[in-house]
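What follows is a single structure, written as structure tokens, with notes after it.
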Amino acid sequence: MPLFVLMGQLVATADIGRDCYVAAERLFRRLAGGLGVATVAANAVFAAVTGISIASAAVFTRVAVPEMLAMGYRPAFAVGVVAGSSILGMLIPPSLLMIVYAFLAEQSVRAMFLAGIVPGLLMALTFSAGILVVARFAPGLVQERAEAAPIPTAAEPASTFRLLAPVLLLVLLVLGGIYGGFFTATEGGAVGATGAFALAAARRRLDLGRLWRVLVETGQVTASVLVLIVAASLYARMLALAGLPDLAVRWLGAAGLGPEAFLTGHLLLVLLLGTILDSTSILLVTVPLALPIAQALGFDLVWFGIVTIVAVEIGLLTPPFGLSVYVVTGALADPRVSLWTTFAGAAPFALAMALVLGLLIAFPGLVLVPL
């Protein structure tokens, strides 16, 4: 986990997020709502090398929102699409939440990463399709006024490829190496952090002051999560000693409640906790209790983890404690955009996530990719 966090911090320092957005904007700007689609696409690429939703929200608030506002997009849409698409950082591997869940459930990190690919891409496609449909049939919800997009120049295709090449190479190096069996997930984090360090240094974005800040921020994130994991381990052991999971399984059997009822209750609890807790804390509170029950009821634990993570990520967009919404609003600091404006703009993306969650439950094959 520390190595993947370090890689994400170095990638953000190297200004990869801006490059991803510029490249995506060149590809999609001709479409109605194209800057929204570009933001989703850039977030999807950026997610593949960061693994943290909050990092994506902070980066693209500064990069994408001013551009969309300048092009006449409605403030609620501009901040909503950034907050909504930022959740891809925890769903497209490598993902910090997947690493935490794999530790709690004693599952393979590689299996979790592989299982997150299709749901992550499906989520990005759902967001993009929703933006295009709304821009086509209700353009007033997307743009207050239409500004003409700059005409592409002949030199742009090559420059677009150069913008994307470093991040694509880093993704191929890390995820390709893990899935190809060349190194373990931990070694993949080390390779990724080394590659991100070389990339940031080559771009002259990493002086001693910035390197120190990157290391301090990596230590802060890692330490805070590891303290929570230690507490969660104690919590899980106490639950087991108290016999609470076994009691819950027996109660479900006596009440005639099957796997569907348990899954519904579990997801509702996760969604409720999403209004008051951050993502990692929700996993650490719910998984130790739910996991033995899910296992006893015959759920595949990798599938159960992906479904739980999607439900957890919906909480990043729901009031009163939608963490991505707070990050976007705070990073923007624009008087035209209040906290509730951002919540309103993110609401359609939360609904789209709920739709994808339903698809993953109805069609487990979308998650259970053969290893």
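Please note that chains go A, B, ... in the order of the structure tokens, that every chain numbers its residues from 1, and that ligands are numbered from 1 in the order shown.
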Close residues, Pro319 in chain A itself excluded, 10 Å, only C-alpha atoms, min 2 positions apart in chain, as a PyMOL selection string: chain A and resi 274-276+315-317+321-323+325-326+339-340+343-344+347
Among listed residues A:Ala201, A:Ala12, A:Leu284, A:Val45, nearest Pro94 in chain A (using only C-alpha atoms):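 Of A:Ala201, A:Ala12, A:Leu284, A:Val45, the one nearest Pro94 in chain A, counting only C-alpha atoms, is A:Val45.
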Near-range 77-92 of chain A list (6 Å; only C-alpha atoms; drop same-chain fewer than 6 positions) as a VMD selection string: chain A and resid 40 47 to 48 51 to 53 56 to 57 65 116 to 117 120 142 324 to 325 342 345 to 346 349
Shell of 8 Å around Met1 in chain A, only C-alpha atoms, local chain residues under 4 positions omitted, as a PyMOL selection string: chain A and resi 5+96+99+186+189+222
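Atom pair CA of Ile306 in chain A / CA of Leu366 in chain A has a distance of 10.4 Å (rounded to one decimal).
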Residues of range 105-242 of chain A in alpha helix (DSSP H), written as a ChimeraX atom specification: /A:105,109-137,156-171,177-179,185-202,208-242
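The space between CA of Ile131 in chain A and CA of Ala32 in chain A spans 8.7 Å.
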Given only C-alpha atoms as the counted atoms, nearest of A:Pro119, A:Gly177, A:Gly140, A:Gly258 to Leu297 in chain A: A:Gly258
Quick one: which range 36-108 of chain A residues come within 10 Å of range 15-19 of chain A, and what is the nearest atom pair for each with the distance in Å to one decimal, counting only C-alpha atoms, rows ordered by chain and ascending number, as JSON lines?
```
{"residue": "A:Ala42", "atom": "CA", "partner": "A:Gly17", "partner_atom": "CA", "distance": 7.2}
{"residue": "A:Asn43", "atom": "CA", "partner": "A:Gly17", "partner_atom": "CA", "distance": 7.8}
{"residue": "A:Val45", "atom": "CA", "partner": "A:Gly17", "partner_atom": "CA", "distance": 8.6}
{"residue": "A:Phe46", "atom": "CA", "partner": "A:Gly17", "partner_atom": "CA", "distance": 6.0}
{"residue": "A:Ala47", "atom": "CA", "partner": "A:Gly17", "partner_atom": "CA", "distance": 9.4}
{"residue": "A:Val49", "atom": "CA", "partner": "A:Ile16", "partner_atom": "CA", "distance": 9.5}
{"residue": "A:Thr50", "atom": "CA", "partner": "A:Gly17", "partner_atom": "CA", "distance": 9.9}
{"residue": "A:Ala55", "atom": "CA", "partner": "A:Gly17", "partner_atom": "CA", "distance": 9.7}
{"residue": "A:Ser56", "atom": "CA", "partner": "A:Gly17", "partner_atom": "CA", "distance": 7.9}
{"residue": "A:Val59", "atom": "CA", "partner": "A:Gly17", "partner_atom": "CA", "distance": 6.4}
{"residue": "A:Phe60", "atom": "CA", "partner": "A:Gly17", "partner_atom": "CA", "distance": 7.0}
{"residue": "A:Arg62", "atom": "CA", "partner": "A:Arg18", "partner_atom": "CA", "distance": 9.0}
{"residue": "A:Val63", "atom": "CA", "partner": "A:Arg18", "partner_atom": "CA", "distance": 6.1}
{"residue": "A:Ala64", "atom": "CA", "partner": "A:Arg18", "partner_atom": "CA", "distance": 8.3}
```
With C-alpha atoms retained, export the selected residues as a PDB file, in the first residue's frame.
```pdb
ATOM      1  CA  ALA A  42      -8.975  11.607 -18.240  1.00  0.00           C
ATOM      2  CA  ASN A  43     -10.078  10.516 -14.765  1.00  0.00           C
ATOM      3  CA  VAL A  45      -6.643   7.069 -17.249  1.00  0.00           C
ATOM      4  CA  PHE A  46      -5.427   8.981 -14.209  1.00  0.00           C
ATOM      5  CA  ALA A  47      -7.110   6.429 -11.924  1.00  0.00           C
ATOM      6  CA  VAL A  49      -1.855   5.209 -11.861  1.00  0.00           C
ATOM      7  CA  THR A  50      -3.133   6.808  -8.638  1.00  0.00           C
ATOM      8  CA  ALA A  55      -6.382  12.843  -5.526  1.00  0.00           C
ATOM      9  CA  SER A  56      -8.396  12.730  -8.753  1.00  0.00           C
ATOM     10  CA  VAL A  59      -6.386  17.482  -9.594  1.00  0.00           C
ATOM     11  CA  PHE A  60      -9.312  17.739 -11.995  1.00  0.00           C
ATOM     12  CA  ARG A  62      -8.069  22.696 -10.822  1.00  0.00           C
ATOM     13  CA  VAL A  63      -7.620  21.419 -14.381  1.00  0.00           C
ATOM     14  CA  ALA A  64     -11.092  20.725 -15.818  1.00  0.00           C
TER      15      ALA A  64
END
```
